[in-house]
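Asks: My structure is in my_file25.cif, and what it holds is mmCIF, C-alpha atoms:
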```
data_work
#
loop_
_atom_site.group_PDB
_atom_site.id
_atom_site.type_symbol
_atom_site.label_atom_id
_atom_site.label_comp_id
_atom_site.auth_asym_id
_atom_site.auth_seq_id
_atom_site.Cartn_x
_atom_site.Cartn_y
_atom_site.Cartn_z
ATOM 1 C CA MET B 1 -8.871 -4.685 15.960
ATOM 2 C CA SER B 2 -8.324 -1.869 13.456
ATOM 3 C CA LYS B 3 -5.180 -1.770 11.415
ATOM 4 C CA LEU B 4 -2.609 0.916 11.919
ATOM 5 C CA PRO B 5 -1.568 3.178 9.031
ATOM 6 C CA GLY B 6 0.824 1.440 6.680
ATOM 7 C CA GLN B 7 -0.174 -2.091 7.572
ATOM 8 C CA ASP B 8 -0.777 -4.767 4.973
ATOM 9 C CA LEU B 9 -4.010 -4.229 3.042
ATOM 10 C CA TYR B 10 -4.701 -7.947 2.647
ATOM 11 C CA CYS B 11 -8.083 -9.049 4.051
ATOM 12 C CA ASP B 12 -8.574 -12.806 4.298
ATOM 13 C CA THR B 13 -12.279 -13.452 3.707
ATOM 14 C CA ASN B 14 -11.894 -16.783 1.848
ATOM 15 C CA SER B 15 -14.048 -15.534 -1.021
ATOM 16 C CA ILE B 16 -14.194 -16.705 -4.616
ATOM 17 C CA ILE B 17 -11.775 -13.942 -5.639
ATOM 18 C CA HIS B 18 -9.348 -14.911 -2.868
ATOM 19 C CA ARG B 19 -9.257 -18.524 -4.034
ATOM 20 C CA LEU B 20 -8.358 -17.659 -7.628
ATOM 21 C CA ASP B 21 -4.800 -18.147 -8.839
ATOM 22 C CA ALA B 22 -2.666 -15.094 -8.063
ATOM 23 C CA ARG B 23 -1.166 -15.094 -11.554
ATOM 24 C CA PHE B 24 -4.620 -14.972 -13.107
ATOM 25 C CA LYS B 25 -5.710 -12.160 -10.779
ATOM 26 C CA ILE B 26 -2.726 -10.025 -11.772
ATOM 27 C CA LEU B 27 -3.334 -10.562 -15.493
ATOM 28 C CA ALA B 28 -7.098 -10.050 -15.186
ATOM 29 C CA SER B 29 -6.556 -6.882 -13.161
ATOM 30 C CA LEU B 30 -4.217 -5.496 -15.829
ATOM 31 C CA VAL B 31 -6.778 -6.238 -18.542
ATOM 32 C CA LEU B 32 -9.540 -4.622 -16.512
ATOM 33 C CA MET B 33 -7.472 -1.496 -15.840
ATOM 34 C CA ILE B 34 -6.619 -1.153 -19.541
ATOM 35 C CA VAL B 35 -10.308 -1.437 -20.426
ATOM 36 C CA ILE B 36 -11.219 1.179 -17.809
ATOM 37 C CA LEU B 37 -8.619 3.574 -19.199
ATOM 38 C CA ASN B 38 -10.166 3.130 -22.655
ATOM 39 C CA ALA B 39 -13.718 3.855 -21.431
ATOM 40 C CA SER B 40 -14.666 7.039 -23.269
ATOM 41 C CA THR B 41 -18.466 7.195 -22.971
ATOM 42 C CA PRO B 42 -20.823 7.366 -19.986
ATOM 43 C CA LEU B 43 -22.296 3.970 -20.915
ATOM 44 C CA SER B 44 -18.906 2.248 -20.993
ATOM 45 C CA LEU B 45 -17.953 3.876 -17.684
ATOM 46 C CA ALA B 46 -21.256 2.724 -16.186
ATOM 47 C CA LEU B 47 -20.480 -0.833 -17.299
ATOM 48 C CA CYS B 48 -17.065 -0.512 -15.633
ATOM 49 C CA VAL B 49 -18.732 0.590 -12.407
ATOM 50 C CA VAL B 50 -21.151 -2.353 -12.527
ATOM 51 C CA THR B 51 -18.318 -4.802 -13.216
ATOM 52 C CA LEU B 52 -16.229 -3.356 -10.408
ATOM 53 C CA GLY B 53 -19.186 -3.441 -8.012
ATOM 54 C CA VAL B 54 -19.748 -7.128 -8.725
ATOM 55 C CA LEU B 55 -16.052 -7.918 -8.208
ATOM 56 C CA LEU B 56 -15.871 -6.019 -4.926
ATOM 57 C CA ALA B 57 -19.043 -7.730 -3.734
ATOM 58 C CA LEU B 58 -17.526 -11.132 -4.560
ATOM 59 C CA THR B 59 -14.459 -10.339 -2.449
ATOM 60 C CA ARG B 60 -16.710 -9.901 0.617
ATOM 61 C CA ILE B 61 -14.393 -7.204 1.937
ATOM 62 C CA ARG B 62 -15.757 -4.420 4.113
ATOM 63 C CA ILE B 63 -16.231 -1.013 2.547
ATOM 64 C CA GLY B 64 -13.977 0.542 5.206
ATOM 65 C CA SER B 65 -11.041 -1.631 4.157
ATOM 66 C CA ILE B 66 -11.607 -0.761 0.505
ATOM 67 C CA MET B 67 -11.760 2.952 1.241
ATOM 68 C CA ARG B 68 -8.613 2.719 3.367
ATOM 69 C CA ALA B 69 -6.771 1.370 0.340
ATOM 70 C CA VAL B 70 -8.005 4.120 -1.996
ATOM 71 C CA LEU B 71 -8.255 7.277 0.127
ATOM 72 C CA PRO B 72 -4.494 8.062 0.227
ATOM 73 C CA LEU B 73 -4.545 8.467 -3.574
ATOM 74 C CA VAL B 74 -7.760 10.502 -3.888
ATOM 75 C CA PHE B 75 -5.750 13.731 -3.554
ATOM 76 C CA PHE B 76 -3.901 12.989 -6.817
ATOM 77 C CA VAL B 77 -7.213 12.207 -8.507
ATOM 78 C CA VAL B 78 -8.621 15.583 -7.459
ATOM 79 C CA ILE B 79 -5.525 17.434 -8.717
ATOM 80 C CA SER B 80 -5.661 15.581 -12.056
ATOM 81 C CA ALA B 81 -9.376 16.325 -12.414
ATOM 82 C CA LEU B 82 -8.758 20.043 -11.786
ATOM 83 C CA LEU B 83 -6.044 20.068 -14.443
ATOM 84 C CA ASN B 84 -8.534 18.579 -16.892
ATOM 85 C CA LEU B 85 -10.958 21.327 -15.914
ATOM 86 C CA TYR B 86 -8.580 23.954 -17.322
ATOM 87 C CA ALA B 87 -7.244 21.830 -20.183
ATOM 88 C CA HIS B 88 -10.602 21.689 -22.028
ATOM 89 C CA GLN B 89 -11.542 25.179 -23.216
ATOM 90 C CA THR B 90 -14.223 24.226 -25.759
ATOM 91 C CA GLY B 91 -17.940 24.700 -25.200
ATOM 92 C CA ASN B 92 -19.941 27.385 -23.450
ATOM 93 C CA VAL B 93 -18.132 29.545 -20.913
ATOM 94 C CA VAL B 94 -19.483 29.025 -17.400
ATOM 95 C CA PHE B 95 -17.043 31.037 -15.285
ATOM 96 C CA THR B 96 -14.220 33.486 -15.992
ATOM 97 C CA TRP B 97 -11.870 35.278 -13.631
ATOM 98 C CA ASN B 98 -8.582 36.832 -14.723
ATOM 99 C CA PHE B 99 -6.697 34.030 -16.488
ATOM 100 C CA MET B 100 -9.171 31.294 -15.462
ATOM 101 C CA ARG B 101 -11.767 30.190 -17.989
ATOM 102 C CA ILE B 102 -14.091 27.289 -17.212
ATOM 103 C CA THR B 103 -16.420 25.802 -19.808
ATOM 104 C CA ASP B 104 -19.159 23.208 -19.626
ATOM 105 C CA ASP B 105 -17.049 20.789 -21.677
ATOM 106 C CA GLY B 106 -14.234 21.223 -19.165
ATOM 107 C CA ILE B 107 -16.587 20.426 -16.283
ATOM 108 C CA HIS B 108 -17.880 17.301 -18.014
ATOM 109 C CA ALA B 109 -14.347 16.166 -18.895
ATOM 110 C CA SER B 110 -13.143 16.783 -15.343
ATOM 111 C CA LEU B 111 -15.999 14.839 -13.762
ATOM 112 C CA PHE B 112 -15.641 11.984 -16.238
ATOM 113 C CA PHE B 113 -11.881 11.777 -15.706
ATOM 114 C CA GLY B 114 -12.270 11.855 -11.922
ATOM 115 C CA CYS B 115 -14.874 9.087 -11.933
ATOM 116 C CA ARG B 116 -12.763 6.974 -14.275
ATOM 117 C CA MET B 117 -9.676 7.360 -12.071
ATOM 118 C CA ILE B 118 -11.645 6.410 -8.940
ATOM 119 C CA VAL B 119 -12.893 3.285 -10.712
ATOM 120 C CA LEU B 120 -9.318 2.552 -11.817
ATOM 121 C CA LEU B 121 -7.989 2.865 -8.256
ATOM 122 C CA LEU B 122 -10.740 0.612 -6.920
ATOM 123 C CA SER B 123 -9.979 -2.012 -9.552
ATOM 124 C CA ALA B 124 -6.259 -1.847 -8.734
ATOM 125 C CA SER B 125 -7.017 -2.286 -5.014
ATOM 126 C CA ILE B 126 -8.551 -5.729 -5.616
ATOM 127 C CA ILE B 127 -5.092 -7.321 -5.921
ATOM 128 C CA PRO B 128 -3.604 -6.190 -2.561
ATOM 129 C CA LEU B 129 -6.940 -6.669 -0.797
ATOM 130 C CA SER B 130 -7.482 -10.239 -1.991
ATOM 131 C CA THR B 131 -3.896 -11.495 -2.418
ATOM 132 C CA SER B 132 -1.158 -11.812 0.180
ATOM 133 C CA THR B 133 2.182 -10.095 -0.418
ATOM 134 C CA LEU B 134 3.940 -13.459 -0.687
ATOM 135 C CA ASP B 135 1.537 -14.626 -3.412
ATOM 136 C CA ILE B 136 1.931 -11.322 -5.283
ATOM 137 C CA SER B 137 5.723 -11.574 -5.344
ATOM 138 C CA ASP B 138 5.685 -15.268 -6.298
ATOM 139 C CA ALA B 139 3.065 -14.741 -9.006
ATOM 140 C CA THR B 140 5.038 -11.822 -10.456
ATOM 141 C CA GLU B 141 8.134 -13.991 -10.517
ATOM 142 C CA ARG B 142 6.302 -16.825 -12.297
ATOM 143 C CA LEU B 143 4.828 -14.433 -14.858
ATOM 144 C CA MET B 144 8.279 -13.044 -15.606
ATOM 145 C CA MET B 145 9.943 -16.422 -15.989
ATOM 146 C CA PRO B 146 9.632 -16.419 -19.836
ATOM 147 C CA LEU B 147 11.756 -13.243 -19.821
ATOM 148 C CA THR B 148 14.716 -15.169 -18.399
ATOM 149 C CA ARG B 149 15.531 -16.134 -21.996
ATOM 150 C CA PHE B 150 16.401 -12.469 -22.507
ATOM 151 C CA LYS B 151 18.634 -12.398 -19.394
ATOM 152 C CA VAL B 152 15.963 -10.769 -17.200
ATOM 153 C CA PRO B 153 16.557 -11.804 -13.551
ATOM 154 C CA ALA B 154 12.965 -12.781 -12.816
ATOM 155 C CA HIS B 155 13.847 -14.691 -9.638
ATOM 156 C CA GLU B 156 15.824 -11.799 -8.155
ATOM 157 C CA ILE B 157 13.085 -9.317 -9.095
ATOM 158 C CA GLY B 158 10.510 -11.513 -7.358
ATOM 159 C CA ILE B 159 12.644 -11.631 -4.212
ATOM 160 C CA MET B 160 13.135 -7.860 -4.192
ATOM 161 C CA LEU B 161 9.419 -7.284 -4.754
ATOM 162 C CA GLY B 162 8.588 -9.596 -1.848
ATOM 163 C CA ILE B 163 11.012 -7.756 0.438
ATOM 164 C CA VAL B 164 9.643 -4.361 -0.577
ATOM 165 C CA LEU B 165 6.008 -5.412 -0.127
ATOM 166 C CA ARG B 166 6.852 -6.895 3.246
ATOM 167 C CA PHE B 167 8.923 -4.071 4.735
ATOM 168 C CA LEU B 168 7.254 -0.933 3.370
ATOM 169 C CA PRO B 169 4.192 -1.446 5.618
ATOM 170 C CA GLU B 170 6.530 -2.119 8.547
ATOM 171 C CA LEU B 171 8.441 1.113 7.934
ATOM 172 C CA ALA B 172 5.221 3.095 7.468
ATOM 173 C CA GLN B 173 3.896 1.721 10.748
ATOM 174 C CA GLU B 174 7.155 2.568 12.510
ATOM 175 C CA LEU B 175 7.023 6.095 11.079
ATOM 176 C CA HIS B 176 3.532 6.433 12.537
ATOM 177 C CA HIS B 177 4.818 5.371 15.975
ATOM 178 C CA LEU B 178 7.803 7.750 15.744
ATOM 179 C CA TYR B 179 5.541 10.649 14.803
ATOM 180 C CA ALA B 180 3.200 9.938 17.713
ATOM 181 C CA ALA B 181 6.165 9.695 20.090
ATOM 182 C CA GLN B 182 7.631 13.020 18.933
ATOM 183 C CA ILE B 183 4.269 14.755 19.119
ATOM 184 C CA SER B 184 3.782 13.460 22.668
ATOM 185 C CA ARG B 185 7.111 15.121 23.559
ATOM 186 C CA GLY B 186 5.811 18.504 22.408
ATOM 187 C CA VAL B 187 8.011 18.895 19.326
ATOM 188 C CA TYR B 188 5.155 20.528 17.416
ATOM 189 C CA LEU B 189 4.618 23.311 19.987
ATOM 190 C CA ARG B 190 7.216 25.614 18.424
ATOM 191 C CA LYS B 191 6.536 27.251 15.083
ATOM 192 C CA ARG B 192 10.055 26.627 13.804
ATOM 193 C CA SER B 193 10.115 22.979 14.806
ATOM 194 C CA ARG B 194 9.253 21.514 11.403
ATOM 195 C CA ILE B 195 12.873 20.825 10.416
ATOM 196 C CA PRO B 196 13.800 19.335 13.827
ATOM 197 C CA LEU B 197 10.618 17.256 13.683
ATOM 198 C CA LEU B 198 11.560 16.006 10.219
ATOM 199 C CA LEU B 199 15.063 15.115 11.395
ATOM 200 C CA SER B 200 13.715 13.448 14.523
ATOM 201 C CA LEU B 201 11.637 11.197 12.274
ATOM 202 C CA LEU B 202 14.059 10.473 9.439
ATOM 203 C CA VAL B 203 17.145 9.680 11.537
ATOM 204 C CA PRO B 204 15.558 6.934 13.680
ATOM 205 C CA LEU B 205 13.594 5.655 10.678
ATOM 206 C CA PHE B 206 16.776 5.357 8.611
ATOM 207 C CA THR B 207 18.507 3.632 11.528
ATOM 208 C CA SER B 208 15.598 1.214 11.884
ATOM 209 C CA ALA B 209 15.671 0.447 8.146
ATOM 210 C CA LEU B 210 19.380 -0.418 8.368
ATOM 211 C CA ARG B 211 18.723 -2.582 11.403
ATOM 212 C CA HIS B 212 15.948 -4.467 9.614
ATOM 213 C CA ALA B 213 18.153 -4.933 6.541
ATOM 214 C CA ASP B 214 21.003 -6.297 8.658
ATOM 215 C CA ALA B 215 18.662 -8.695 10.472
ATOM 216 C CA LEU B 216 17.164 -9.860 7.184
ATOM 217 C CA SER B 217 20.557 -10.497 5.595
ATOM 218 C CA GLY B 218 21.673 -12.431 8.671
ATOM 219 C CA ALA B 219 18.538 -14.564 8.600
ATOM 220 C CA MET B 220 18.965 -15.297 4.893
ATOM 221 C CA GLU B 221 22.619 -16.293 5.376
ATOM 222 C CA ALA B 222 21.738 -18.514 8.349
ATOM 223 C CA ARG B 223 19.267 -20.398 6.136
ATOM 224 C CA CYS B 224 21.849 -20.735 3.309
ATOM 225 C CA PHE B 225 19.605 -18.732 1.008
ATOM 226 C CA ALA B 226 20.833 -18.434 -2.585
ATOM 227 C CA PRO B 227 18.882 -16.268 -5.049
ATOM 228 C CA THR B 228 19.924 -18.430 -8.003
ATOM 229 C CA TYR B 229 18.102 -21.507 -6.693
ATOM 230 C CA GLU B 230 14.415 -21.933 -7.458
ATOM 231 C CA ARG B 231 12.218 -22.040 -4.401
ATOM 232 C CA SER B 232 9.382 -24.482 -3.778
ATOM 233 C CA ARG B 233 5.927 -23.593 -2.464
ATOM 234 C CA LEU B 234 3.765 -25.265 0.144
ATOM 235 C CA TYR B 235 0.685 -24.465 -1.955
ATOM 236 C CA PRO B 236 1.729 -24.357 -5.652
ATOM 237 C CA PHE B 237 -0.154 -22.211 -8.142
ATOM 238 C CA HIS B 238 -2.786 -24.027 -10.147
ATOM 239 C CA MET B 239 -4.954 -22.886 -13.025
ATOM 240 C CA GLY B 240 -8.277 -24.716 -12.926
ATOM 241 C CA LYS B 241 -11.837 -24.463 -14.148
ATOM 242 C CA HIS B 242 -12.611 -21.518 -11.875
ATOM 243 C CA GLU B 243 -9.879 -19.461 -13.544
ATOM 244 C CA LEU B 244 -11.164 -20.521 -16.958
ATOM 245 C CA ILE B 245 -14.707 -19.410 -16.127
ATOM 246 C CA ALA B 246 -13.428 -16.141 -14.661
ATOM 247 C CA ALA B 247 -11.322 -15.541 -17.789
ATOM 248 C CA GLY B 248 -14.415 -15.955 -19.959
ATOM 249 C CA ILE B 249 -16.337 -13.480 -17.821
ATOM 250 C CA VAL B 250 -13.482 -10.950 -17.971
ATOM 251 C CA VAL B 251 -13.278 -11.248 -21.761
ATOM 252 C CA LEU B 252 -17.062 -10.891 -22.111
ATOM 253 C CA MET B 253 -17.254 -7.822 -19.867
ATOM 254 C CA SER B 254 -14.234 -6.243 -21.585
ATOM 255 C CA ALA B 255 -15.859 -6.765 -24.985
ATOM 256 C CA CYS B 256 -19.122 -5.191 -23.777
ATOM 257 C CA ILE B 257 -17.292 -2.160 -22.411
ATOM 258 C CA LEU B 258 -15.253 -1.650 -25.581
ATOM 259 C CA LEU B 259 -18.356 -2.059 -27.754
ATOM 260 C CA ALA B 260 -20.111 0.560 -25.643
ATOM 261 C CA ASN B 261 -17.393 3.009 -26.713
ATOM 262 C CA LEU B 262 -18.272 2.424 -30.358
ATOM 263 C CA TYR B 263 -22.046 2.387 -30.301
ATOM 264 C CA ALA B 264 -22.940 4.673 -27.383
#
```
For this file, produce the structure as C-alpha cells.
Replies:
Amino acid sequence: MSKLPGQDLYCDTNSIIHRLDARFKILASLVLMIVILNASTPLSLALCVVTLGVLLALTRIRIGSIMRAVLPLVFFVVISALLNLYAHQTGNVVFTWNFMRITDDGIHASLFFGCRMIVLLLSASIIPLSTSTLDISDATERLMMPLTRFKVPAHEIGIMLGIVLRFLPELAQELHHLYAAQISRGVYLRKRSRIPLLLSLLVPLFTSALRHADALSGAMEARCFAPTYERSRLYPFHMGKHELIAAGIVVLMSACILLANLYA
C-alpha cells in the first residue's frame, strides 16, 4: 500500500543502519552533512556520492521511498543552482542577452552546487527514513541534556519536537483529503475560485488542528503527564561495538573527503 502525501517517511527494513543508536545516527548525519558542505573539488564530491550510495544501500530502502523524501525540496535546489549561475561572472562568456551574462565558470559552479545540494538532501533523508519519529525526539532530548546546566529545557524541547514530528504528517494528510474533497465539489471550475478554495482548506484545517490539540491535551491530563518528570523507555538507547565501528568508518571517510579537497 502506497503512502499518502505527508505521511511518515520512516521505512522499517531492519537494516544495519536502522539498528544503530538514534543518537549516533543524528551526530553522524550532522558530521556527514558538514563534510559534504565543505566538499569543494570534483574528487571530494565523488567520494561523498560513493559514501552516500553505500549508506543508502545499507538501509535497504527502496529508491521510490528515498525519492519521495527528496523530491519536494528539489525545486529549491534548482532555484539555488540558477542563482549560482548568475553569481559567477568569471571565465569565458557562453551566452548573453540583455542583462543576462552566463559564463563557463558559472555553469560549472551551478552544476557543482546543484549536485552537492542533492547529495546533502539525500544524506539528511537517512535520519527520517531509518529512524522513527519517537526515537528522533527522544535522541534529540538525550543529546541536549548537557545543556540543562545552562537552563535549557531539553525535556520540554524533546516533547515539542515529538508532537511536531507526529502531527505535521497528520495535518499534511488531512490537507490532502480536504483538497481532494473540495476539488470533487467543483471548486476549481471558476477562475476566481482560488481565494474561496484557500479559505475552504484553511478553515477546516485550522479547526482540525485545534481539535487534535484539545484531544492531545486531554489525553495527557488523563495520564497525569508532567513535562518535568523524566520518562522511561521500553527499549533504552545503547552505544555498543556497532556504533564504535560505524564511528570509525565515518571518521575515516570524512578524513578522505577533506584530504581530497587539499590534494585534488
Asks: Apply the PyMOL selection byres ((chain B and resi 92) around 6) to the file shown and report the selected residues as number ranges by chain.
Replies: B: 91, 93, 103-104
Asks: Of the residues B:Phe167, B:Thr96, B:Leu83, B:Pro42, which is the one nearest to Arg116 in chain B, using only C-alpha atoms?
Replies: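 Using only C-alpha atoms, the shortest distance to Arg116 in chain B belongs to B:Pro42.
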Asks: Tell me, as a PDB file with C-alpha atoms, in the coordinates of the input, which residues lie within 12 Å of Ala57 in chain B, counting all atoms listed in the file; anything in the same chain fewer than 4 positions away does not count.
Replies:
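Now in part14.pdb:
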```pdb
ATOM      1  CA  THR B  13     -12.279 -13.452   3.707  1.00  0.00           C
ATOM      2  CA  SER B  15     -14.048 -15.534  -1.021  1.00  0.00           C
ATOM      3  CA  ILE B  16     -14.194 -16.705  -4.616  1.00  0.00           C
ATOM      4  CA  ILE B  17     -11.775 -13.942  -5.639  1.00  0.00           C
ATOM      5  CA  VAL B  50     -21.151  -2.353 -12.527  1.00  0.00           C
ATOM      6  CA  THR B  51     -18.318  -4.802 -13.216  1.00  0.00           C
ATOM      7  CA  LEU B  52     -16.229  -3.356 -10.408  1.00  0.00           C
ATOM      8  CA  GLY B  53     -19.186  -3.441  -8.012  1.00  0.00           C
ATOM      9  CA  ILE B  61     -14.393  -7.204   1.937  1.00  0.00           C
ATOM     10  CA  ARG B  62     -15.757  -4.420   4.113  1.00  0.00           C
ATOM     11  CA  ILE B  63     -16.231  -1.013   2.547  1.00  0.00           C
ATOM     12  CA  ILE B  66     -11.607  -0.761   0.505  1.00  0.00           C
ATOM     13  CA  ILE B 126      -8.551  -5.729  -5.616  1.00  0.00           C
ATOM     14  CA  SER B 130      -7.482 -10.239  -1.991  1.00  0.00           C
TER      15      SER B 130
END
```
Asks: Using all atoms listed in the file for the distances, tell me which of B:Gly106, B:Ile257, B:Arg166, B:Ile127 is nearest to Leu55 in chain B.
Replies: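 Closest to Leu55 in chain B of all the choices is B:Ile127.
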Asks: Run the PyMOL selection byres ((chain B and resi 112) around 12) against the file shown and list the residues it catches, as number ranges by chain.
Replies: B: 36-37, 39-46, 77-78, 80-82, 84-85, 105-111, 113-119
Asks: Got a sec: who's within 7 Å of range 150-162 of chain B, counting only C-alpha atoms, leaving out chain neighbours fewer than 6 positions off, as a list in words?
Replies: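 Contacts, with the query itself left out: Thr133, Leu134, Ser137, Asp138, Thr140, Glu141, Met144 and Pro227 of chain B.
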Asks: Mind pulling up the distance from CA of Leu165 in chain B to CA of Leu129 in chain B?
Replies: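 Taking CA of Leu129 in chain B and CA of Leu165 in chain B, their separation equals 13.0 Å.
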Asks: Applied to the shown file, which residues does the PyMOL selection byres ((chain B and resi 73) around 12) return, written as a ChimeraX atom specification?
Replies: /B:67-72,74-80,114,117-118,120-122,124-125
Asks: What's the 12 Å shell around Leu252 in chain B, counting only C-alpha atoms, without same-chain residues fewer than 3 positions away, as a ChimeraX atom specification?
Replies: /B:31-32,35,47,51,245-249,255-259
Asks: How far is it from CA of Ser254 in chain B to CA of Ile136 in chain B, in Å with one decimal?
Replies: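 These atoms are spaced 23.5 Å apart.
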Asks: Determine, counting all atoms listed in the file, which protein, DNA and RNA residues have an atom within 12 Å of an atom of Ala209 in chain B; residues of the same chain fewer than 5 positions away are not included. Present the result as a PDB file with C-alpha atoms, keeping the file's coordinate frame.
Replies:
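around.pdb, written as the output of this step:
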```pdb
ATOM      1  CA  VAL B 164       9.643  -4.361  -0.577  1.00  0.00           C
ATOM      2  CA  PHE B 167       8.923  -4.071   4.735  1.00  0.00           C
ATOM      3  CA  LEU B 168       7.254  -0.933   3.370  1.00  0.00           C
ATOM      4  CA  PRO B 169       4.192  -1.446   5.618  1.00  0.00           C
ATOM      5  CA  GLU B 170       6.530  -2.119   8.547  1.00  0.00           C
ATOM      6  CA  LEU B 171       8.441   1.113   7.934  1.00  0.00           C
ATOM      7  CA  ALA B 172       5.221   3.095   7.468  1.00  0.00           C
ATOM      8  CA  GLU B 174       7.155   2.568  12.510  1.00  0.00           C
ATOM      9  CA  LEU B 175       7.023   6.095  11.079  1.00  0.00           C
ATOM     10  CA  LEU B 202      14.059  10.473   9.439  1.00  0.00           C
ATOM     11  CA  VAL B 203      17.145   9.680  11.537  1.00  0.00           C
ATOM     12  CA  PRO B 204      15.558   6.934  13.680  1.00  0.00           C
ATOM     13  CA  ASP B 214      21.003  -6.297   8.658  1.00  0.00           C
ATOM     14  CA  ALA B 215      18.662  -8.695  10.472  1.00  0.00           C
ATOM     15  CA  LEU B 216      17.164  -9.860   7.184  1.00  0.00           C
TER      16      LEU B 216
END
```
Asks: Which distance in Å separates CA of Thr131 in chain B and CA of Gly64 in chain B, to one decimal?
Replies: 17.5 Å
Asks: Tell me which of B:Lys25, B:Arg223, B:Trp97, B:Pro146 sits closest to His242 in chain B, counting all atoms listed in the file.
Replies: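 Among the listed residues, the smallest separation from His242 in chain B belongs to B:Lys25.
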Asks: Which of these residues is nearest to Arg19 in chain B, using all atoms listed in the file: B:His177, B:Ser132, B:Met220, B:Phe99?
Replies: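 Distance minimum relative to Arg19 in chain B lands on B:Ser132.
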